[in-house]
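Heads up: the structure comes next, in structure tokens.
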Amino acid sequence: MLFFIFLFHAFLVSTFGHNVPAVFIFGDSIFDAGNNHYSPNCTAQADFPPYGSTFFHRPTGRFTNGRTVADFISQFLEIELQKPFLESQNEIVNGSRKDYPSNGINFASAGSGVLPATNQDLGVTSIQDQLKQFQTLIEQQQIDQKLVQKSLFFLESGSNDVFNYFIPFDTPILSPDAYVEVMLTEVKHFVDQIYKLGARRIAIFSLGPVGCVPARALLPGAPVDRCFGKMNKMVKNYNLGLENSVKDIPNKYPGAVGVYGLVYNMVQLLRATPTRYGFSNVSWACCGDGTLGGLVQCGKIGYKMCTNPNEFLFWDYFHPSEHTYKLISKSLWAGGQTRIRPINLKALANIEEE
């Protein structure tokens, strides 16, 4: 009987909306909605055509042709898309808005990593600094604490750290396994801090198969006829550590729920059965040039663009197309245990507060 009462209760919750007013987003270019555009000394940019051309019909600073996973999930939650933190901060400073948005904030910075030093020469905002930006808003009471406890928190970061490990100009001091352990230490610290700042619904997303991005063509010794196995091995090792960190959340952090999104597996499924998911090309960038379209950034001198971007798994040399993001988002939102666990984002959003 109790089971049926629980089911009926779950039905009521899922039928009559979600308990999430806001999403707070941390990470890299997979999530960046334009923070780098508002960062004057940052050279990692996507604020020029043809970025954004399929959905927004203009560049927004997102590193794809349309919406990201964070955007799709916000639409599923029926809340507005989150603004970049730096855009909102500018508006408050110049007086065009009074308060920070109540639907959450996007702190993600393209090019950043979980290691503070990753791409600092490009002027990116590390996840440590993203956390400080959020912490300052909490300490200054610019964000309502009750809102924070009801919100979803997203973290996706690590691709740039792994890719940079294989750049030949910097000889790595650490072994691949030791490097991954240092990365995971930073993630654990991040989770610890956001919990202390009030986060209770935490979603951590695995890296995709970074060794399959078209930009691997830039790396001497990386194969172009198949994915870069050594890189993907590091990614899988890191992802395993991420999932273990998520499993620890209920034990270490009373009242918190953590979920782990298996993005790597989803992307490999799309690559294995492309036509089933509407893809005609899962190897090349739609927008770029050279081998795999991976030698030139989309929009830069010499780039070429495909006519059917949403039939491509990759939009540019590093980043998925909007179609890829949409498929991943649907799986994260409503998928089963092979996509996201222990529960999906819809269930996480529908949890009643105790």
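Scheme for the structure tokens: letters A, B, ... for chains in order shown; per-chain residue numbers from 1; ligand numbers from 1 in order shown.
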
Taking only C-alpha atoms into account, produce a table as a Markdown table in which each residue of range 276-303 of chain A with an atom at most 10 Å from an atom of range 203-224 of chain A appears once, together with its shortest atom pair and the distance in Å to one decimal, ordered by chain and rising number.
| residue | atom | partner | partner_atom | distance |
| --- | --- | --- | --- | --- |
| A:Val282 | CA | A:Cys212 | CA | 9.4 |
| A:Ser283 | CA | A:Pro214 | CA | 6.8 |
| A:Trp284 | CA | A:Pro214 | CA | 6.0 |
| A:Ala285 | CA | A:Pro214 | CA | 6.3 |
| A:Gly288 | CA | A:Pro214 | CA | 9.4 |
| A:Gly290 | CA | A:Ala217 | CA | 8.7 |
| A:Thr291 | CA | A:Ala217 | CA | 6.4 |
| A:Leu292 | CA | A:Pro214 | CA | 5.3 |
| A:Gly293 | CA | A:Pro214 | CA | 6.4 |
| A:Gly294 | CA | A:Ala215 | CA | 4.3 |
| A:Leu295 | CA | A:Leu218 | CA | 6.0 |
| A:Val296 | CA | A:Ala215 | CA | 8.5 |
| A:Gln297 | CA | A:Ala215 | CA | 9.0 |

**Report entry** Surrounding residues of range 92-106 of chain A excluding itself and chain neighbours under 2 positions, 8 Å, only C-alpha atoms, as a list of chain:residue names
**Finding:** A:Pro21, A:Ala22, A:Val23, A:Phe24, A:Ile25, A:Phe26, A:Phe31, A:Asp32, A:Ala33, A:Asn35, A:Ile79, A:Glu80, A:Leu81, A:Gln82, A:Lys83, A:Pro84, A:Phe85, A:Ser88, A:Gln89, A:Asn90, A:Ala108, A:Gln142, A:Ile143, A:Leu147, A:Ser151

Query - Pick from A:Ile340, A:Val114, A:Ala347, A:Val246 nearest to Val162 in chain A, counting only C-alpha atoms - result: A:Val114

Report task. Quick one: pick out all strand (DSSP E) residues within range 165-352 of chain A from a backbone DSSP run and write them as a PyMOL selection string. Result -> chain A and resi 201-205+257-261+281-285+287-288+304-305+312-314+340-341

Query - Backbone DSSP call of alpha helix (DSSP H) for range 43-142 of chain A, listed as a count of residues only - result: 31

Report task. Tell me which protein, DNA and RNA residues are within 9 Å of Gly34 in chain A, counting only C-alpha atoms, leaving out same-chain ones fewer than 3 positions away, and put them as a ChimeraX atom specification. Result -> /A:37-38,45-47,60-63,83-87,106,108-110

Query raised in the report: For Asn310 in chain A, which of A:Ser74, A:Pro59, A:Arg67, A:Ala334 is the closest residue, counting only C-alpha atoms?
Result: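 For Asn310 in chain A, the nearest of the candidates is A:Arg67.
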
Report task. Tell me, in Å to one decimal, how far CA of Gln268 in chain A is from CA of Met234 in chain A. Result -> 15.7 Å

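Minimum atom-to-atom distance to Asp248 in chain A, evaluated using only C-alpha atoms, belongs to A:Tyr260 out of A:Tyr260, A:Glu311, A:Pro49, A:Lys304.
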
**Report entry** Nearest to His323 in chain A, chosen from A:Leu115, A:Val259, A:Leu270, A:Cys227, with only C-alpha atoms counted in the distances
**Finding:**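 Result for the nearest residue to His323 in chain A: A:Leu270.
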
Requested in this report: For Gly278 in chain A, list every protein, DNA or RNA residue within 12 Å, evaluated using only C-alpha atoms, and leave out those in the same chain fewer than 3 positions away; present the list as a list in words.
Outcome: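 My reading of the contact set: Leu270, Arg271, Thr273, Pro274, Thr275, Asn281, Val282, Asn308, Pro309, Asn310, Glu311, Phe312, Leu313, His323, Thr324, Lys326 and Leu327 of chain A.
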
Residue selection dump (C-alpha atoms) as an mmCIF file, in the first residue's frame:
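Dumped to selection.cif:
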data_model
loop_
_atom_site.group_PDB
_atom_site.id
_atom_site.type_symbol
_atom_site.label_atom_id
_atom_site.label_comp_id
_atom_site.auth_asym_id
_atom_site.auth_seq_id
_atom_site.Cartn_x
_atom_site.Cartn_y
_atom_site.Cartn_z
ATOM 1 C CA LEU A 270 25.557 7.738 -31.378
ATOM 2 C CA ARG A 271 28.887 6.995 -33.080
ATOM 3 C CA THR A 273 24.588 3.653 -34.800
ATOM 4 C CA PRO A 274 24.604 7.083 -36.486
ATOM 5 C CA THR A 275 21.743 6.705 -38.978
ATOM 6 C CA ASN A 281 28.740 12.095 -40.258
ATOM 7 C CA VAL A 282 30.144 11.255 -36.804
ATOM 8 C CA ASN A 308 23.393 20.188 -42.752
ATOM 9 C CA PRO A 309 24.921 20.899 -39.303
ATOM 10 C CA ASN A 310 22.451 18.792 -37.346
ATOM 11 C CA GLU A 311 23.413 15.685 -39.319
ATOM 12 C CA PHE A 312 26.914 16.050 -37.874
ATOM 13 C CA LEU A 313 27.853 14.751 -34.432
ATOM 14 C CA HIS A 323 21.329 17.856 -32.454
ATOM 15 C CA THR A 324 23.883 15.860 -30.450
ATOM 16 C CA LYS A 326 19.480 17.514 -27.760
ATOM 17 C CA LEU A 327 19.796 13.713 -27.843
#
